Amino acid sequence: MLNIGLLATEAGGAAAEGFEAGWLTRHVWLIPLLPVVSFVVTLFFGKRFKGGGAWFGVSMMGLALLLSTALGVEWMGRGHVGIEEGQPPAVAATYRGTASGDQEHQVQQVIEEAERTGEPKASIPGHGEEGEEHALPAGRFSLPAAESGGEGPAGEPHAVEVRPYHEAEAGWFHIGPIEVGFGFHIDGFAVIMLFTVSFISFLVHLFSTEYLRDDRRRTHYFASLGLFTAGMLLMVSSSTSLQLLLGWEIMGLCSFLLIGHWWEESKNSDAALKAFFTTRTGDVGLLVGLSILFFGAGQTFNIAKINQQAITGEIPRSWLVAAAVALFIACIGKSAQFPLHTWLPDAMAGPTPASALIHAATMVVAGVYMVGRFYPVFFSAFRIANNALGFNIIALIGGITIIIAGLLAFVQQDIKKVLAYSTVSQLGYMVMGLGVGAWTGAIFHLFTHAFFKALLFMGAGSISHACWHSFDMRDFGGLRKHMPKTFVTFMIGTVALMGLPPLAGFWSKDEILLGAWTNGYRGTFFLVGCVGAALTCAYMTRVVYKTFWGEYKGPQTPDAIEHASHAAHGHHDAHDDAVENQAPALVGASAYQEGAKASADPGVKAAAHGTVQSERGPHDDEASHTADDHGDSAHAGAPLGGYPHESPWPITVPLIVLAVMSVVAGIINAPFFGLQFTHFSAIEPIVAAGVPEPSFSGVVAVISTLGALAGLGLAVAWWRGMRFGLDGLTRRNGLAGAGYRLLEQKYYLDALYERVIVRGIKGPMASAAYWFNQNVLDGVAHGVSATARRAATFTYDVVDQEVVDGTVNSVGAGATGLGRGFKHMASGKVQQYVAYLIGGAAAGALVIFAITFNRS
Amino acid sequence: MAIIDGNVNLDNAVLSVATFAPLAGAAVLGLLPKREEFLVKAWALGTSVFTLLCGLYLVLRFDYGNAGAPQFERSHSWIDVINSNYHVFMDGLSLPLFLLSMVITTLCIIYSWDHWPEPRNPKAFLMLMLILETGMLGSFIAEDLILFFVFFELVLLPMYFMIGVWGGEQRQYASLKFFLFTLFGSALMILSFLALYFKSGGAGLEPTFDIPMLIERGMSDTLVRSTELLIFGGLFMGFAIKVPMFPFHTWLPDAHTQAPTVGSVILAAVLLKLGTYGFIRIAIPILPAAAKEYAPLIAVLATIGIIYGALGCLAQKDMKRLIAFSSVAHMGFVMLGIATLTDYGINAAVFGMVAHGLITGMLFFVAGSVKERFHTLEIRRLGGLLVQAPKLGWILGFCSMASLGLPGLAGFWGEFPAILSTFNPAEGLSVALFRTCMVIASIGTVLAAGYLLWLFQRTAFGTPKEEWATTEVHDVERPEWLAWAPLLAGIVLFGILPGIVFDITDPAVNERVTAAVVAQGK
């Protein structure tokens with residue numbers, strides 16, 4: 001009855017090729033299983049553990065990290081074999097033995113890219129050059145193209161080695177003619193993702209043990225973290241699109257739980273619902289897209305088979321385009337791309353380490369991962385490498401997102417919101433990278449971004465932990481003196497994010513820009529990327545200045561602490577209100593002025609809010625759980641009185657580890673380091689599809705770095721007091737003021753979604769449907785029945801009583817009689833029903849019988 | 001002439017015993033003194049458990065390698081004059097629903113143990129419930145149209161009384177509305193049955209009510225097209241009202257809102273499935289050509305139902321009425337799957353029936369328990385359930401997630417495969433129309449998330465309203481746990497291992513439903 005058995009071990013040509021998959025590659029299901037165990041055990045037994053099960057989660061994730069690291073090492077040892085001479089190019093050589101579904105895939109290829117000129121392809125009418133790869137003779141391993149890169153402005157193409165993937169599936173269920181498998185697909189991409197996710201998740205777990213030490217629902221929190229991680233790990237290692245959907249939606253659930261962790265406050269639960277709805281809106285695309293691909297690829301959920309058929313053209317291009325557009329809509333929702341990015345900044349309502357997890361390794365990168373995983377579909381559908389139009393929807397959305405999110409980051413006062421918009425912007429880079437054909441660049445950026453973004457979020461958490469749970473940068477200042485470790489690590493993360501050499505962000509961002517440069521998007525998306533880099537530098541400079549330089553502006557005395565735990569709250573809400581009402585007001589004990597914003601009437605508002613708070617009585621401690629307020633002022637990080645203090649080790653150790661990674665993660669793909677990442681992550685479908693693989697270009701690197709430095713220089717100058725005559729511009733110039741308001745209102749997208757669309761559906765549309773139900777449908781029933789009853793009464797009174805007198809000989813009379821029978825039971829409407837129904841049935845009976853028996 | 005199956009063995013007998021045991025139990029229950037409440041309850045529970053054990057025995061004896069074939073088949077002459085026989089068997093289509101009916105009834109009796117709706121009278125209530133059980137079980141195994149009709153109608157009266165006597169304030173209106181809507185459909189349905197009977201004869205063949213025989217005779221080939229469409233129309237009305245499909249659904253919210261908790265649970269979990277089951281078991285296989293002509297209409301109505309039901313939910317102010325409207329949307333997915341006339345679609349539909357039975361049944365249970373604690377289901381007045389009764393609150397959250405089709409829980413496997421199948425309907429059906437329906441139905445999943453999570457947010461999140469701030473609210477109690485645990489476990493189990501259901505239904509769908517459709521296409 002059940003098909004669930006042990007995972008099938010590898011079969012097929014593995015032995016013949018001489019590359020057996022290692023033990024961990026074959027048992028990769030252990031890695032997602034560990035967080036599942038953590039989830040189940042923590043959820044059901046966590047409260048019995050000391051510390052609410054937190055350390056169980058940490059140890060499970062530690063184990064998962066160990067395993068995925070070991071898997072990475074094992075994977076490096078997985079050799080490459082060349083394609084035999086005379087064999088057709090990659091496309092045909094791949095994906096043998098697809099029938100059983102549990103084959104070990106052992107074809108290896110060394111493919112040299114066709115010479116591609118660096119010229120923009122805009123002048124060439126859209127046609128594919130994908131078929132021009134040349135397979136190299138067996139045994140020839142091309143060397144990393146470090147030497148060949150460097151000077152050529154186009155970034156010369158180089159050969160990529162591919163390690164054969166391993167896939168194992170067990171029957172899950174069958175439906176109709178197909179057997180659906182549950183399995184794991186391991187290749188370089190998956191190994192990298194498994195490592196990244198485990199790494200970040202482990203540190204997030206560790207960080208959370210301290211950060212949420214006194215949280216009342218820490219058991220729930222850690223259980224959710226476990227399931228969240230499991231969802232992502234399952235998704236990145238799955239062999240079928242159905243399983244991918246499973247992991248994808250599990251993450252949707254967990255983000256809902258984590259964002260709404262402090263659900264007593266409607267602000268938090270609103271954010272949780274918003275995240276769920278927005279991503280779910282995108283999921284419509286996923287459902288539709290996967291259905292199209294399922295049938296397009298001959299009824300299979302297997303991702304490898306789908307990709308293969310996308311490459312060989314077995315799926316009609318029109319289907320590919322439809323599927324690609326649909327899937328990309330899902331990516332827009334999940335990866336917070338314009339115009340569905342609005343949920344992500346709101347998602348800051350959740351605990352900070354959860355934000356780090358959502359932003360760095362799970363959830364939002366899921367969309368990018370999905371596009372990367374189905375890349376041949378997108379690549380063929382949009383003819384990415386040979387685009388006659390000079391743009392495609394992916395690159396366009398990514399490019400727009402980079403800029404609009406970068407701009408929004410400037411007007412935020414909440415440090416987490418700046419980081420959130422920066423994530424949106426960086427995801428825009430990844431998406432744009434995928435759109436311009438820089439697959440490796442996008443994946444590499446996903447990889448490096450995970451480290452420095454997690455670092456920045458946890459750094460912000462550390463700051464807040466010390467500053468009495470405030471995230472408002474107007475409360476910070478001068479923290480470099482008080483929190484040296486946090487300061488140094490945060491700076492490293494910042495420089496990495498800015499994309500300045502030699503830190504991580506530089507190398508990955510550069511690859512994306514290089515892709516834009518070489519693949520014919522030089523005049524458009526390359527420039528967008530450079531402008532984005534400048535914006536990133538500028539807004540991060542603002543954050544660093546406001547947080548670490550100047551004088552500390554937050555509360556310092558024990559009294560102030562007491563006050564702050566209320567004010568921090570009032571502050572935030574008031575701030576949000578202020579943005580909505582376009583009447584900026586700064587409140588709280590530490591009210592001060594900044595820029596053009598002037599405090600209107602701060603005291604009243606804060607006081608009012610404080611009153612509301614304290615009136616909540618028994619749930620006060622819960623209610624003040626806003627903006628990461630643990631509702632408990634006794635935390636180790638902050639001494640009573642005085643200045644903020646450095647956080648304890650469970651917080652600083654992850655920061656340091658991540659800082660190290662933010663330095664080294666980029667260099668591994670540096671030309672002088674042999675483009676290790678490129679070779680590690682290379683997977684067959686990407687190479688087979690003919691995705692270009694430029695290596696490095698000094699020119700591109702210099703241009704983008706100059707762009708970034710320009711942004712940095714201007715911002716530093718601004719914060720050092722040089723105003724360029726722009727001070728107060730928003731007040732003096734109507735256009736600038738309007739622009740500022742547009743940013744403050746987040747381009748009015750929230751207003752559009754919440755006030756127009758959601759309210760429209762919940763209000764008029766739903767009411768209209770219900771009105772229709774109550775008045776039209778029921779009205780028809782009631783009305784028709786009234787008519788029928790009148791007819792029946794007529795039949796009874798006139799025909800029956802007067803004409804036939806006492807003989808029950810008509811259907812109407814029967815109806816009336818029965819109707820009277822029911823008369824005593826209920827209201828008048830009931831009689832109508834009786835008459836209507838029986839009359840109707842009789843009429844139907846006559847029609848059916850008449851027709852049935854008149855024909856034969 | 002009667003077909004008498006000589007093969008009377010234990011297994012075959014158990015199928016009939018399981019079906020009629022509740023009826024016999026109800027008869028004995030009638031003789032027990034009303035005052036002995038414990039005895040009455042124990043007897044009813046014992047009867048339902050005995051029935052369940054019979055069912056489990058059959059589940060164990062069922063030949064899963066042969067799930068498409070009739071099993072435990074029994075045929076005995078019954079009404080010779082119209083050649084109607086007592087012909088019953090079980091196959092992969094009936095097994096899940098047969099078992100679901102038994103489980104739901106037993107759990108309802110457990111839940112009722114301490115929760116008697118006014119005006120109490122456990123004896124009468126339990127008798128009705130047992131009679132209801134026989135009706136449900138019989139409907140799912142009957143292979144003779146008259147026999148099916150008898151069981152189908154047997155369900156009607158107990159539910160009518162349950163709503164009419166133990167229901168809410170507008171119980172009389174609601175119960176009669178339920179009764180008459182269904183009766184109206186039944187009237188047309190029996191006419192179609194009769195038409196099929198008379199049309200099945202000729203050319204040396206005796207007219208028959210036997211379902212497999214009617215399928216075999218290929219009615220679609222012998223009937224005139226307009227006649228076939230009319231007959232299908234009668235069946236359609238009978239089943240569509242029961243499902244209920246838009247626009248015949250207006251009895252449902254009233255019936256659900258007014259019914260006592262277990263009445264709502266049984267109604268949602270099993271009774272609605274009689275309609276969808278009828279399509280799969282009777283209407284489509286017997287008249288596949290007409291089914292193809294009706295399929296676009298069914299698909300469009302189903303899609304409208306999905307969106308319309310969701311919008312109806314969003315407009316609700318009462319928790320129970322909201323859940324009732326959600327049934328319209330969910331059954332829309334089931335009907336959409338059926339309308340495709342493909343393996344995928346109909347398998348998804350059967351899964352959807354089971355999943356909806358578990359999930360919506362649970363939601364009605366939770367609503368009942370909320371009502372018991374707060375004496376209201378007005379969403380505006382509720383809030384902070386997670387603070388006052390965290391377990392109850394999280395169960396509501398869990399069921400909401402299951403209901404909105406979260407993968408990994410049962411609801412998903414009724415929903416996604418239905419959407420998937422709509423992309424590629426059976427040959428001859430309009431691809432453009434069905435794909436349009438598919439996209440619109442997918443949007444329905446977003447709306448489902450909307451109404452369920454808003455419900456959850458407004459009732460469970462936040463802090464308790466002032467009205468209840470000082471009320472001592474007890475969390476989930478033992479009878480509740482006992483009644484709910486199997487359903488909750490089932491939601492997870494079927495969600496993770498959908499093969500448990502698909503592997504049983506798939507052969508049956510193939511051999512008994514789509515084979516007829518495919519043959520028709522040739």
# chains A, B, ... in the order shown; residues from 1 in each chain; ligands from 1
$ residues_around --residues "Glu153 of chain B" --least-positions-apart "4" --cutoff "12 Å" --atoms "only C-alpha atoms" --output "PDB file with N, CA and C atoms, in the first residue's frame"
ATOM      1  N   ILE B 131     -28.639   6.133  13.061  1.00  0.00           N
ATOM      2  CA  ILE B 131     -29.392   5.933  11.811  1.00  0.00           C
ATOM      3  C   ILE B 131     -28.661   6.637  10.657  1.00  0.00           C
ATOM      4  N   LEU B 132     -28.215   7.820  10.975  1.00  0.00           N
ATOM      5  CA  LEU B 132     -27.453   8.597   9.997  1.00  0.00           C
ATOM      6  C   LEU B 132     -26.254   7.797   9.496  1.00  0.00           C
ATOM      7  N   THR B 134     -25.785   4.568   9.311  1.00  0.00           N
ATOM      8  CA  THR B 134     -26.147   3.523   8.351  1.00  0.00           C
ATOM      9  C   THR B 134     -26.419   4.126   6.974  1.00  0.00           C
ATOM     10  N   GLY B 135     -27.106   5.250   6.975  1.00  0.00           N
ATOM     11  CA  GLY B 135     -27.383   5.897   5.693  1.00  0.00           C
ATOM     12  C   GLY B 135     -26.110   6.259   4.953  1.00  0.00           C
ATOM     13  N   MET B 136     -25.151   6.810   5.684  1.00  0.00           N
ATOM     14  CA  MET B 136     -23.902   7.228   5.049  1.00  0.00           C
ATOM     15  C   MET B 136     -23.129   6.026   4.537  1.00  0.00           C
ATOM     16  N   GLY B 138     -24.163   3.024   3.860  1.00  0.00           N
ATOM     17  CA  GLY B 138     -24.839   2.358   2.761  1.00  0.00           C
ATOM     18  C   GLY B 138     -24.655   3.082   1.440  1.00  0.00           C
ATOM     19  N   SER B 139     -24.732   4.404   1.502  1.00  0.00           N
ATOM     20  CA  SER B 139     -24.592   5.171   0.265  1.00  0.00           C
ATOM     21  C   SER B 139     -23.250   4.911  -0.413  1.00  0.00           C
ATOM     22  N   ILE B 146     -31.520   2.039  -6.880  1.00  0.00           N
ATOM     23  CA  ILE B 146     -32.605   2.158  -5.906  1.00  0.00           C
ATOM     24  C   ILE B 146     -32.054   2.035  -4.482  1.00  0.00           C
ATOM     25  N   LEU B 147     -31.141   1.094  -4.326  1.00  0.00           N
ATOM     26  CA  LEU B 147     -30.524   0.926  -3.008  1.00  0.00           C
ATOM     27  C   LEU B 147     -29.790   2.202  -2.595  1.00  0.00           C
ATOM     28  N   PHE B 148     -29.052   2.751  -3.540  1.00  0.00           N
ATOM     29  CA  PHE B 148     -28.344   4.008  -3.286  1.00  0.00           C
ATOM     30  C   PHE B 148     -29.331   5.089  -2.874  1.00  0.00           C
ATOM     31  N   PHE B 149     -30.426   5.152  -3.604  1.00  0.00           N
ATOM     32  CA  PHE B 149     -31.411   6.190  -3.322  1.00  0.00           C
ATOM     33  C   PHE B 149     -31.973   6.046  -1.908  1.00  0.00           C
ATOM     34  N   LEU B 157     -33.527  12.474   6.902  1.00  0.00           N
ATOM     35  CA  LEU B 157     -34.409  12.733   8.046  1.00  0.00           C
ATOM     36  C   LEU B 157     -33.674  12.952   9.364  1.00  0.00           C
ATOM     37  N   PRO B 158     -32.730  12.072   9.710  1.00  0.00           N
ATOM     38  CA  PRO B 158     -32.040  12.312  10.995  1.00  0.00           C
ATOM     39  C   PRO B 158     -31.377  13.691  11.044  1.00  0.00           C
ATOM     40  N   MET B 159     -30.788  14.080   9.904  1.00  0.00           N
ATOM     41  CA  MET B 159     -30.134  15.393   9.912  1.00  0.00           C
ATOM     42  C   MET B 159     -31.170  16.509  10.035  1.00  0.00           C
ATOM     43  N   TYR B 160     -32.293  16.290   9.381  1.00  0.00           N
ATOM     44  CA  TYR B 160     -33.366  17.272   9.481  1.00  0.00           C
ATOM     45  C   TYR B 160     -33.777  17.476  10.941  1.00  0.00           C
ATOM     46  N   PHE B 179     -33.809  20.386   4.148  1.00  0.00           N
ATOM     47  CA  PHE B 179     -34.603  19.223   3.767  1.00  0.00           C
ATOM     48  C   PHE B 179     -35.167  19.400   2.359  1.00  0.00           C
ATOM     49  N   LEU B 180     -35.729  20.563   2.110  1.00  0.00           N
ATOM     50  CA  LEU B 180     -36.429  20.740   0.849  1.00  0.00           C
ATOM     51  C   LEU B 180     -35.485  20.912  -0.326  1.00  0.00           C
ATOM     52  N   THR B 182     -32.609  19.529  -0.592  1.00  0.00           N
ATOM     53  CA  THR B 182     -32.096  18.209  -0.911  1.00  0.00           C
ATOM     54  C   THR B 182     -33.172  17.352  -1.549  1.00  0.00           C
ATOM     55  N   LEU B 183     -34.370  17.482  -1.028  1.00  0.00           N
ATOM     56  CA  LEU B 183     -35.465  16.685  -1.555  1.00  0.00           C
ATOM     57  C   LEU B 183     -35.756  17.064  -2.997  1.00  0.00           C
ATOM     58  N   PHE B 184     -35.668  18.328  -3.270  1.00  0.00           N
ATOM     59  CA  PHE B 184     -35.879  18.803  -4.629  1.00  0.00           C
ATOM     60  C   PHE B 184     -34.881  18.130  -5.577  1.00  0.00           C
ATOM     61  N   GLY B 185     -33.620  18.132  -5.143  1.00  0.00           N
ATOM     62  CA  GLY B 185     -32.606  17.464  -5.955  1.00  0.00           C
ATOM     63  C   GLY B 185     -32.888  15.985  -6.079  1.00  0.00           C
ATOM     64  N   SER B 186     -33.299  15.378  -4.963  1.00  0.00           N
ATOM     65  CA  SER B 186     -33.551  13.943  -4.974  1.00  0.00           C
ATOM     66  C   SER B 186     -34.670  13.591  -5.933  1.00  0.00           C
ATOM     67  N   ALA B 187     -35.655  14.453  -5.994  1.00  0.00           N
ATOM     68  CA  ALA B 187     -36.787  14.177  -6.872  1.00  0.00           C
ATOM     69  C   ALA B 187     -36.327  14.074  -8.319  1.00  0.00           C
ATOM     70  N   MET B 189     -33.310  13.486  -9.211  1.00  0.00           N
ATOM     71  CA  MET B 189     -32.361  12.382  -9.305  1.00  0.00           C
ATOM     72  C   MET B 189     -33.091  11.063  -9.520  1.00  0.00           C
ATOM     73  N   ILE B 190     -34.151  10.836  -8.753  1.00  0.00           N
ATOM     74  CA  ILE B 190     -34.853   9.550  -8.886  1.00  0.00           C
ATOM     75  C   ILE B 190     -35.508   9.440 -10.260  1.00  0.00           C
ATOM     76  N   GLY B 238     -29.460  16.653  -8.537  1.00  0.00           N
ATOM     77  CA  GLY B 238     -29.480  15.908  -7.281  1.00  0.00           C
ATOM     78  C   GLY B 238     -28.154  16.004  -6.545  1.00  0.00           C
ATOM     79  N   LYS B 242     -26.465  18.688  -3.294  1.00  0.00           N
ATOM     80  CA  LYS B 242     -25.901  18.057  -2.103  1.00  0.00           C
ATOM     81  C   LYS B 242     -24.479  18.538  -1.844  1.00  0.00           C
ATOM     82  N   LEU B 271     -21.703  14.270   4.768  1.00  0.00           N
ATOM     83  CA  LEU B 271     -22.907  14.417   3.947  1.00  0.00           C
ATOM     84  C   LEU B 271     -22.657  15.121   2.610  1.00  0.00           C
ATOM     85  N   LEU B 274     -21.586  12.958  -0.260  1.00  0.00           N
ATOM     86  CA  LEU B 274     -22.529  12.120  -0.985  1.00  0.00           C
ATOM     87  C   LEU B 274     -22.756  12.695  -2.381  1.00  0.00           C
TER      88      LEU B 274
END
$ residues_around --residues "segment 54-64 of chain B" --least-positions-apart "4" --cutoff "8 Å" --atoms "only C-alpha atoms" --output "PyMOL selection string"
(chain A and resi 1) or (chain B and resi 11+14-15+17-18+50+71+95+98-99+102+504)
$ write_last_selection --atoms "C-alpha atoms" --output "PDB file, in the first residue's frame"
ATOM      1  CA  MET A   1       0.000   0.000   0.000  1.00  0.00           C
TER       2      MET A   1
ATOM      3  CA  ASP B  11     -15.618 -10.806   4.675  1.00  0.00           C
ATOM      4  CA  VAL B  14     -18.881  -8.064   7.477  1.00  0.00           C
ATOM      5  CA  LEU B  15     -19.467  -5.335   4.923  1.00  0.00           C
ATOM      6  CA  VAL B  17     -22.900  -6.101   9.140  1.00  0.00           C
ATOM      7  CA  ALA B  18     -20.854  -2.931   9.391  1.00  0.00           C
ATOM      8  CA  PHE B  50     -18.150  -2.109  16.894  1.00  0.00           C
ATOM      9  CA  GLN B  71     -14.307  -6.441  -3.160  1.00  0.00           C
ATOM     10  CA  LEU B  95     -13.096   2.653   1.096  1.00  0.00           C
ATOM     11  CA  PHE B  98     -16.699   4.470   4.135  1.00  0.00           C
ATOM     12  CA  LEU B  99     -14.014   4.582   6.782  1.00  0.00           C
ATOM     13  CA  MET B 102     -17.330   5.518  10.686  1.00  0.00           C
ATOM     14  CA  ILE B 504      -6.093   3.230  -2.979  1.00  0.00           C
TER      15      ILE B 504
END
$ atom_distance --atom1 "atom CA of Leu191 of chain B" --atom2 "atom CA of Ile231 of chain B"
8.0 Å
$ atom_distance --atom1 "atom CA of Ala323 of chain A" --atom2 "atom CA of Gly289 of chain A"
4.4 Å
$ atom_distance --atom1 "atom CA of Ile311 of chain A" --atom2 "atom CA of Met235 of chain A"
22.5 Å
$ residues_around --residues "segment 355-364 of chain B" --least-positions-apart "5" --cutoff "8 Å" --atoms "only C-alpha atoms" --output "ChimeraX atom specification"
/B:100,261-262,264-266,268-270,320,323,327,330,396,399-400,402-403,410-411,413-414,484,487-488,490-491
$ residues_around --residues "segment 665-667 of chain A" --least-positions-apart "5" --cutoff "12 Å" --atoms "only C-alpha atoms" --output "PyMOL selection string"
chain A and resi 192+196+441+443-452+493+496-497+499-511+657-660+672-678
$ write_last_selection --atoms "N, CA and C atoms" --output "short mmCIF file (atom, residue, chain, number, x, y, z; two decimals), in the first residue's frame"
data_model
loop_
_atom_site.label_atom_id
_atom_site.label_comp_id
_atom_site.auth_asym_id
_atom_site.auth_seq_id
_atom_site.Cartn_x
_atom_site.Cartn_y
_atom_site.Cartn_z
N ILE A 192 26.30 23.97 -1.76
CA ILE A 192 26.57 25.33 -1.27
C ILE A 192 25.39 25.86 -0.45
N THR A 196 25.43 26.95 3.44
CA THR A 196 25.09 28.32 3.83
C THR A 196 23.95 28.35 4.83
N GLY A 441 27.29 34.52 -10.82
CA GLY A 441 27.36 35.76 -10.05
C GLY A 441 26.21 35.87 -9.06
N ILE A 443 24.34 33.47 -7.82
CA ILE A 443 24.42 32.47 -6.76
C ILE A 443 25.54 32.83 -5.78
N PHE A 444 26.59 33.34 -6.35
CA PHE A 444 27.72 33.74 -5.50
C PHE A 444 27.31 34.90 -4.60
N HIS A 445 26.54 35.80 -5.15
CA HIS A 445 26.09 36.92 -4.34
C HIS A 445 25.14 36.44 -3.24
N LEU A 446 24.33 35.47 -3.59
CA LEU A 446 23.45 34.88 -2.57
C LEU A 446 24.30 34.34 -1.42
N PHE A 447 25.38 33.68 -1.80
CA PHE A 447 26.28 33.07 -0.83
C PHE A 447 26.96 34.12 0.05
N THR A 448 27.57 35.10 -0.55
CA THR A 448 28.30 36.09 0.25
C THR A 448 27.33 36.97 1.05
N HIS A 449 26.23 37.33 0.40
CA HIS A 449 25.25 38.18 1.06
C HIS A 449 24.74 37.54 2.34
N ALA A 450 24.60 36.22 2.33
CA ALA A 450 24.11 35.52 3.51
C ALA A 450 24.97 35.87 4.72
N PHE A 451 26.26 35.91 4.53
CA PHE A 451 27.14 36.14 5.67
C PHE A 451 27.08 37.58 6.14
N PHE A 452 27.27 38.51 5.21
CA PHE A 452 27.33 39.88 5.72
C PHE A 452 25.98 40.43 6.13
N GLY A 493 30.94 44.07 8.07
CA GLY A 493 29.73 43.74 7.33
C GLY A 493 29.32 44.87 6.41
N ALA A 496 31.56 45.01 3.44
CA ALA A 496 31.24 43.89 2.56
C ALA A 496 29.98 44.18 1.77
N LEU A 497 29.00 44.76 2.43
CA LEU A 497 27.75 45.09 1.75
C LEU A 497 27.96 46.17 0.70
N GLY A 499 30.31 46.54 -1.12
CA GLY A 499 30.93 45.99 -2.31
C GLY A 499 32.29 46.57 -2.60
N LEU A 500 32.99 46.93 -1.55
CA LEU A 500 34.33 47.48 -1.74
C LEU A 500 35.35 46.35 -1.62
N PRO A 501 36.36 46.37 -2.48
CA PRO A 501 37.37 45.32 -2.40
C PRO A 501 38.15 45.46 -1.10
N PRO A 502 38.62 44.41 -0.52
CA PRO A 502 38.55 43.04 -1.03
C PRO A 502 37.51 42.21 -0.29
N LEU A 503 36.50 42.81 0.30
CA LEU A 503 35.54 42.02 1.07
C LEU A 503 34.53 41.33 0.16
N ALA A 504 33.73 40.49 0.82
CA ALA A 504 32.92 39.53 0.08
C ALA A 504 32.02 40.15 -0.98
N GLY A 505 31.31 41.22 -0.60
CA GLY A 505 30.32 41.76 -1.51
C GLY A 505 30.91 42.23 -2.83
N PHE A 506 32.15 42.65 -2.78
CA PHE A 506 32.79 43.15 -3.99
C PHE A 506 32.84 42.08 -5.08
N TRP A 507 33.33 40.91 -4.69
CA TRP A 507 33.56 39.86 -5.68
C TRP A 507 32.27 39.39 -6.31
N SER A 508 31.26 39.25 -5.48
CA SER A 508 30.02 38.70 -6.02
C SER A 508 29.26 39.75 -6.83
N LYS A 509 29.22 40.96 -6.31
CA LYS A 509 28.53 42.02 -7.05
C LYS A 509 29.22 42.24 -8.39
N ASP A 510 30.53 42.16 -8.35
CA ASP A 510 31.29 42.37 -9.55
C ASP A 510 30.96 41.34 -10.63
N GLU A 511 30.74 40.11 -10.20
CA GLU A 511 30.42 39.09 -11.20
C GLU A 511 29.09 39.36 -11.87
N VAL A 657 32.48 35.30 13.91
CA VAL A 657 32.54 34.26 12.88
C VAL A 657 32.04 34.79 11.55
N LEU A 658 30.93 35.50 11.61
CA LEU A 658 30.36 36.03 10.37
C LEU A 658 31.26 37.09 9.76
N ALA A 659 31.94 37.86 10.62
CA ALA A 659 32.85 38.87 10.10
C ALA A 659 33.99 38.20 9.34
N VAL A 660 34.48 37.12 9.89
CA VAL A 660 35.55 36.39 9.19
C VAL A 660 35.04 35.92 7.84
N PHE A 672 42.76 35.22 -8.61
CA PHE A 672 44.03 34.69 -8.11
C PHE A 672 43.83 33.51 -7.18
N PHE A 673 42.60 33.20 -6.94
CA PHE A 673 42.33 32.04 -6.09
C PHE A 673 41.70 30.92 -6.91
N GLY A 674 41.75 31.09 -8.18
CA GLY A 674 41.33 29.98 -9.04
C GLY A 674 39.84 29.86 -9.23
N LEU A 675 39.11 30.91 -8.99
CA LEU A 675 37.66 30.87 -9.20
C LEU A 675 37.05 29.63 -8.58
N GLN A 676 37.44 29.38 -7.34
CA GLN A 676 37.01 28.14 -6.69
C GLN A 676 35.50 28.01 -6.63
N PHE A 677 34.86 29.10 -6.34
CA PHE A 677 33.41 29.02 -6.18
C PHE A 677 32.74 28.62 -7.49
N THR A 678 33.21 29.22 -8.56
CA THR A 678 32.62 28.93 -9.87
C THR A 678 32.70 27.43 -10.16
#
$ residues_around --residues "segment 377-383 of chain B" --least-positions-apart "3" --cutoff "6 Å" --atoms "only C-alpha atoms" --output "PyMOL selection string"
chain B and resi 317-319+371+458-460+464-465
$ interface_residues --of "chain B" --to "chain A" --cutoff "7 Å" --atoms "only C-alpha atoms" --output "MDAnalysis selection string"
chainID B and resid 64 172:173 176 180 184 187:188 191 195 227 230 250 308 311:312 314:315 343:344 406:408 420 423 439 442:443 446 449:450 457 461:463 498:500 502:503 506
$ residues_around --residues "Thr106 of chain B" --least-positions-apart "3" --cutoff "7 Å" --atoms "only C-alpha atoms" --output "ChimeraX atom specification"
/B:45,48-49,102-103,109-110
$ write_last_selection --atoms "C-alpha atoms" --output "compact mmCIF listing (two decimals), in the first residue's frame"
# COMPACT_ATOMS: atom_id res chain seq x y z
CA LEU B 45 -20.51 4.40 21.69
CA SER B 48 -20.18 2.86 16.76
CA VAL B 49 -16.94 1.32 17.96
CA MET B 102 -17.33 5.52 10.69
CA VAL B 103 -14.50 7.47 12.22
CA ILE B 109 -20.25 10.40 19.92
CA ILE B 110 -17.09 10.77 22.00
